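Report on the following structure.
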Amino acid sequence: MFQGAAALSLDTKGRFAIPARHREALASAAGGRLVLTAHPHCCLLLYPEPAWEPIRDKVLAASSFNPQSAAIKRLLVGNAREEEMDAAGRLLIAPELRQFAGLEKLVWLVGQGSHFEIWSDAGWQKQQQAVFALSDQFTLPPGLEDLAL
(Lines give C-alpha, C1' and ligand atoms only; values in the text may rest on other atoms or scores of the structure.)
Protein backbone atom coordinates (compact mmCIF):
# COMPACT_ATOMS: atom_id res chain seq x y z
CA MET A 1 0.00 0.00 0.00
CA PHE A 2 1.69 3.17 -1.20
CA GLN A 3 0.48 6.39 0.34
CA GLY A 4 1.73 9.87 1.11
CA ALA A 5 3.39 12.55 -1.00
CA ALA A 6 7.11 13.29 -1.10
CA ALA A 7 8.96 16.13 -2.80
CA LEU A 8 12.06 14.70 -4.49
CA SER A 9 14.90 16.03 -6.62
CA LEU A 10 15.80 14.78 -10.08
CA ASP A 11 19.53 14.58 -10.69
CA THR A 12 21.16 15.69 -13.94
CA LYS A 13 20.58 12.23 -15.47
CA GLY A 14 16.84 12.30 -14.70
CA ARG A 15 16.97 9.96 -11.71
CA PHE A 16 15.32 10.31 -8.32
CA ALA A 17 15.76 8.32 -5.15
CA ILE A 18 12.75 6.26 -4.11
CA PRO A 19 12.08 7.13 -0.46
CA ALA A 20 13.52 4.47 1.84
CA ARG A 21 10.06 3.70 3.29
CA HIS A 22 8.91 2.47 -0.16
CA ARG A 23 12.04 0.73 -1.46
CA GLU A 24 11.56 -2.57 0.31
CA ALA A 25 7.90 -2.81 -0.69
CA LEU A 26 8.75 -2.09 -4.32
CA ALA A 27 11.62 -4.55 -4.26
CA SER A 28 9.53 -7.33 -2.71
CA ALA A 29 6.44 -6.66 -4.85
CA ALA A 30 8.32 -6.68 -8.12
CA GLY A 31 11.90 -7.67 -7.53
CA GLY A 32 12.77 -4.07 -8.36
CA ARG A 33 11.02 -4.31 -11.76
CA LEU A 34 8.88 -1.23 -12.26
CA VAL A 35 6.82 0.26 -15.07
CA LEU A 36 6.58 3.98 -15.79
CA THR A 37 3.95 5.33 -18.15
CA ALA A 38 2.07 8.49 -19.05
CA HIS A 39 -1.29 9.48 -17.55
CA PRO A 40 -3.92 11.65 -19.29
CA HIS A 41 -3.61 14.26 -16.49
CA CYS A 42 0.00 14.98 -17.59
CA CYS A 43 1.66 13.13 -14.75
CA LEU A 44 3.40 9.76 -14.80
CA LEU A 45 2.31 6.49 -13.26
CA LEU A 46 4.78 4.18 -11.51
CA TYR A 47 3.69 0.59 -10.97
CA PRO A 48 5.40 -2.50 -9.62
CA GLU A 49 5.44 -4.70 -12.74
CA PRO A 50 2.99 -7.32 -11.36
CA ALA A 51 0.42 -4.59 -10.59
CA TRP A 52 0.81 -3.08 -14.07
CA GLU A 53 0.34 -6.31 -16.05
CA PRO A 54 -3.44 -6.74 -15.52
CA ILE A 55 -4.00 -3.07 -16.38
CA ARG A 56 -1.92 -3.40 -19.53
CA ASP A 57 -3.76 -6.58 -20.52
CA LYS A 58 -7.16 -4.94 -20.02
CA VAL A 59 -6.15 -1.90 -22.08
CA LEU A 60 -4.75 -4.09 -24.86
CA ALA A 61 -7.96 -6.15 -24.98
CA ALA A 62 -9.98 -3.08 -25.99
CA SER A 63 -10.82 -2.54 -29.65
CA SER A 64 -8.27 -0.63 -31.70
CA PHE A 65 -11.11 0.50 -33.97
CA ASN A 66 -12.66 2.59 -31.20
CA PRO A 67 -10.87 5.97 -31.27
CA GLN A 68 -10.99 6.40 -27.48
CA SER A 69 -9.65 2.89 -26.83
CA ALA A 70 -6.90 3.37 -29.41
CA ALA A 71 -5.92 6.70 -27.83
CA ILE A 72 -5.71 5.15 -24.35
CA LYS A 73 -3.60 2.27 -25.74
CA ARG A 74 -1.21 4.73 -27.36
CA LEU A 75 -0.92 6.77 -24.20
CA LEU A 76 -0.64 4.05 -21.56
CA VAL A 77 0.99 1.15 -23.39
CA GLY A 78 2.80 3.22 -26.01
CA ASN A 79 4.60 5.22 -23.32
CA ALA A 80 5.18 2.33 -20.88
CA ARG A 81 8.81 1.69 -20.00
CA GLU A 82 10.18 -1.10 -17.85
CA GLU A 83 12.75 0.24 -15.42
CA GLU A 84 14.65 -1.07 -12.40
CA MET A 85 15.81 0.65 -9.27
CA ASP A 86 19.57 0.84 -9.14
CA ALA A 87 21.62 -0.32 -6.12
CA ALA A 88 21.15 3.10 -4.50
CA GLY A 89 17.36 2.92 -4.81
CA ARG A 90 17.22 5.43 -7.67
CA LEU A 91 14.91 5.28 -10.65
CA LEU A 92 15.66 6.75 -14.07
CA ILE A 93 12.87 8.61 -15.86
CA ALA A 94 13.41 8.60 -19.63
CA PRO A 95 13.70 12.03 -21.30
CA GLU A 96 10.48 11.46 -23.26
CA LEU A 97 8.50 10.83 -20.10
CA ARG A 98 10.14 13.76 -18.29
CA GLN A 99 9.13 16.00 -21.19
CA PHE A 100 5.57 14.62 -21.27
CA ALA A 101 5.01 15.39 -17.57
CA GLY A 102 7.03 18.62 -17.54
CA LEU A 103 9.40 17.23 -14.91
CA GLU A 104 12.29 19.43 -13.92
CA LYS A 105 14.37 19.53 -10.76
CA LEU A 106 11.60 19.10 -8.16
CA VAL A 107 9.08 16.26 -8.57
CA TRP A 108 6.34 14.84 -6.37
CA LEU A 109 5.93 11.12 -5.74
CA VAL A 110 2.33 10.58 -4.65
CA GLY A 111 1.16 7.22 -3.33
CA GLN A 112 -2.09 5.90 -4.78
CA GLY A 113 -2.39 2.52 -3.07
CA SER A 114 -1.12 0.05 -5.68
CA HIS A 115 1.04 2.58 -7.51
CA PHE A 116 2.45 6.10 -7.51
CA GLU A 117 1.82 9.22 -9.50
CA ILE A 118 4.82 11.37 -10.37
CA TRP A 119 4.04 15.07 -10.80
CA SER A 120 6.01 18.13 -11.74
CA ASP A 121 6.03 20.68 -8.93
CA ALA A 122 3.80 23.01 -10.97
CA GLY A 123 1.39 20.18 -11.84
CA TRP A 124 1.12 19.01 -8.23
CA GLN A 125 0.53 22.56 -6.96
CA LYS A 126 -2.19 23.00 -9.62
CA GLN A 127 -3.87 19.77 -8.46
CA GLN A 128 -3.78 20.93 -4.84
CA GLN A 129 -5.22 24.34 -5.70
CA ALA A 130 -8.04 22.71 -7.69
CA VAL A 131 -9.06 20.69 -4.62
CA PHE A 132 -8.92 23.75 -2.37
CA ALA A 133 -11.00 25.76 -4.86
CA LEU A 134 -13.76 23.15 -4.62
CA SER A 135 -13.88 23.17 -0.82
CA ASP A 136 -17.05 25.31 -0.61
CA GLN A 137 -18.99 23.19 -3.08
CA PHE A 138 -17.17 19.92 -2.63
CA THR A 139 -19.31 16.82 -3.04
CA LEU A 140 -18.02 13.30 -2.96
CA PRO A 141 -18.08 11.30 -6.19
CA PRO A 142 -20.29 8.23 -6.66
CA GLY A 143 -19.18 5.36 -4.46
CA LEU A 144 -17.75 7.65 -1.77
CA GLU A 145 -20.95 9.44 -0.70
CA ASP A 146 -20.90 7.92 2.79
CA LEU A 147 -17.20 8.51 3.48
CA ALA A 148 -16.59 9.96 6.92
CA LEU A 149 -13.26 11.44 8.00
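Ordering of the C-alpha coordinates sets the chain letters (A, B, ...), residue numbers begin anew at 1 in every chain, and ligands are numbered from 1 in the order given.
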Helix (DSSP H, G or I) positions in chain A, given as a count of residues only: 55
Selection near Gln99 (chain A), 12 Å with only C-alpha atoms, sequence-local residues under 4 positions removed, as a list in words: Gly14, Ala38, Cys42, Cys43, Leu44, Asn79, Ile93, Ala94, Pro95, Leu103, Glu104, Trp119 and Ser120 of chain A
Output N, CA, C and O atoms for every residue in the selection just made, as a short mmCIF file (atom, residue, chain, number, x, y, z; two decimals), in the first residue's frame.
```cif
data_model
loop_
_atom_site.label_atom_id
_atom_site.label_comp_id
_atom_site.auth_asym_id
_atom_site.auth_seq_id
_atom_site.Cartn_x
_atom_site.Cartn_y
_atom_site.Cartn_z
N GLY A 14 18.28 12.58 -14.72
CA GLY A 14 16.84 12.30 -14.70
C GLY A 14 16.45 11.20 -13.74
O GLY A 14 15.42 10.57 -13.90
N ALA A 38 2.74 7.20 -19.05
CA ALA A 38 2.07 8.49 -19.05
C ALA A 38 0.63 8.35 -18.57
O ALA A 38 0.02 7.30 -18.71
N CYS A 42 -1.36 14.43 -17.41
CA CYS A 42 0.00 14.98 -17.59
C CYS A 42 0.91 14.74 -16.39
O CYS A 42 1.77 15.56 -16.05
N CYS A 43 0.72 13.60 -15.75
CA CYS A 43 1.66 13.13 -14.75
C CYS A 43 2.12 11.76 -15.24
O CYS A 43 1.71 11.31 -16.31
N LEU A 44 2.97 11.12 -14.47
CA LEU A 44 3.40 9.76 -14.80
C LEU A 44 2.84 8.80 -13.76
O LEU A 44 2.54 9.19 -12.64
N ASN A 79 3.59 4.50 -24.11
CA ASN A 79 4.60 5.22 -23.32
C ASN A 79 5.18 4.39 -22.18
O ASN A 79 6.04 4.87 -21.45
N ILE A 93 14.05 8.25 -15.07
CA ILE A 93 12.87 8.61 -15.86
C ILE A 93 13.40 9.03 -17.23
O ILE A 93 14.19 9.97 -17.34
N ALA A 94 12.96 8.33 -18.27
CA ALA A 94 13.41 8.60 -19.63
C ALA A 94 13.09 10.04 -20.03
O ALA A 94 12.08 10.61 -19.60
N PRO A 95 13.93 10.63 -20.87
CA PRO A 95 13.70 12.03 -21.30
C PRO A 95 12.31 12.26 -21.89
O PRO A 95 11.69 13.30 -21.63
N LEU A 103 8.58 17.41 -16.11
CA LEU A 103 9.40 17.23 -14.91
C LEU A 103 10.71 17.99 -15.04
O LEU A 103 11.40 17.88 -16.06
N GLU A 104 11.02 18.72 -13.99
CA GLU A 104 12.29 19.43 -13.92
C GLU A 104 13.01 18.99 -12.67
O GLU A 104 13.04 17.80 -12.39
N TRP A 119 4.48 13.77 -10.32
CA TRP A 119 4.04 15.07 -10.80
C TRP A 119 5.20 16.06 -10.85
O TRP A 119 6.09 16.02 -9.99
N SER A 120 5.13 16.97 -11.79
CA SER A 120 6.01 18.13 -11.74
C SER A 120 5.56 18.96 -10.54
O SER A 120 4.42 18.84 -10.07
#
```
DSSP-assigned strand (DSSP E) among chain A, expressed as number ranges by chain: A: 5-9, 15-17, 33-38, 44-48, 81-84, 90-92, 106-111, 116-120
Residues near His39 (chain A), cut-off 10 Å, only C-alpha atoms, skip fewer than 5 positions along chain, as an NGL selection string: :A and (44-45 or 72 or 75-76 or 79 or 100-101 or 117-118)
Restricting the output to N, CA and C atoms, write the selected residues as a PDB file, in the first residue's frame.
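Now in part-v6.pdb:
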```pdb
ATOM      1  N   LEU A  44       2.972  11.119 -14.468  1.00  0.00           N
ATOM      2  CA  LEU A  44       3.402   9.760 -14.797  1.00  0.00           C
ATOM      3  C   LEU A  44       2.845   8.801 -13.763  1.00  0.00           C
ATOM      4  N   LEU A  45       2.717   7.555 -14.156  1.00  0.00           N
ATOM      5  CA  LEU A  45       2.313   6.487 -13.257  1.00  0.00           C
ATOM      6  C   LEU A  45       3.496   5.551 -13.070  1.00  0.00           C
ATOM      7  N   ILE A  72      -6.175   5.601 -25.673  1.00  0.00           N
ATOM      8  CA  ILE A  72      -5.711   5.148 -24.354  1.00  0.00           C
ATOM      9  C   ILE A  72      -4.572   4.140 -24.509  1.00  0.00           C
ATOM     10  N   LEU A  75      -1.430   6.026 -25.341  1.00  0.00           N
ATOM     11  CA  LEU A  75      -0.919   6.772 -24.200  1.00  0.00           C
ATOM     12  C   LEU A  75      -0.307   5.849 -23.151  1.00  0.00           C
ATOM     13  N   LEU A  76      -1.095   4.886 -22.669  1.00  0.00           N
ATOM     14  CA  LEU A  76      -0.640   4.048 -21.556  1.00  0.00           C
ATOM     15  C   LEU A  76       0.393   3.004 -21.969  1.00  0.00           C
ATOM     16  N   ASN A  79       3.594   4.497 -24.106  1.00  0.00           N
ATOM     17  CA  ASN A  79       4.596   5.217 -23.317  1.00  0.00           C
ATOM     18  C   ASN A  79       5.184   4.387 -22.184  1.00  0.00           C
ATOM     19  N   PHE A 100       7.023  14.764 -21.291  1.00  0.00           N
ATOM     20  CA  PHE A 100       5.569  14.615 -21.273  1.00  0.00           C
ATOM     21  C   PHE A 100       4.965  15.235 -20.015  1.00  0.00           C
ATOM     22  N   ALA A 101       5.554  14.941 -18.855  1.00  0.00           N
ATOM     23  CA  ALA A 101       5.006  15.387 -17.574  1.00  0.00           C
ATOM     24  C   ALA A 101       5.559  16.732 -17.124  1.00  0.00           C
ATOM     25  N   GLU A 117       1.824   8.205  -8.465  1.00  0.00           N
ATOM     26  CA  GLU A 117       1.815   9.221  -9.504  1.00  0.00           C
ATOM     27  C   GLU A 117       3.093  10.035  -9.313  1.00  0.00           C
ATOM     28  N   ILE A 118       3.662  10.496 -10.427  1.00  0.00           N
ATOM     29  CA  ILE A 118       4.825  11.373 -10.371  1.00  0.00           C
ATOM     30  C   ILE A 118       4.425  12.669 -11.063  1.00  0.00           C
TER      31      ILE A 118
END
```
Atom pair CA of Leu8 (chain A) / CA of Ala30 (chain A): separation (Å): 22.0 Å
Among listed residues A:Leu46, A:Met1, A:Ala71, A:Ala122, nearest Leu109 (chain A) (using only C-alpha atoms): A:Leu46
Nearest candidate to Phe2 (chain A) (options A:Leu149, A:Ile18, A:Ala25, A:Leu36; using only C-alpha atoms):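 The answer is A:Ala25, which sits nearest to Phe2 (chain A).
Closest approach to Gly89 (chain A) among A:Leu144, A:Pro67, A:Pro19, A:Ser135 is made by A:Pro19 (distances from only C-alpha atoms).
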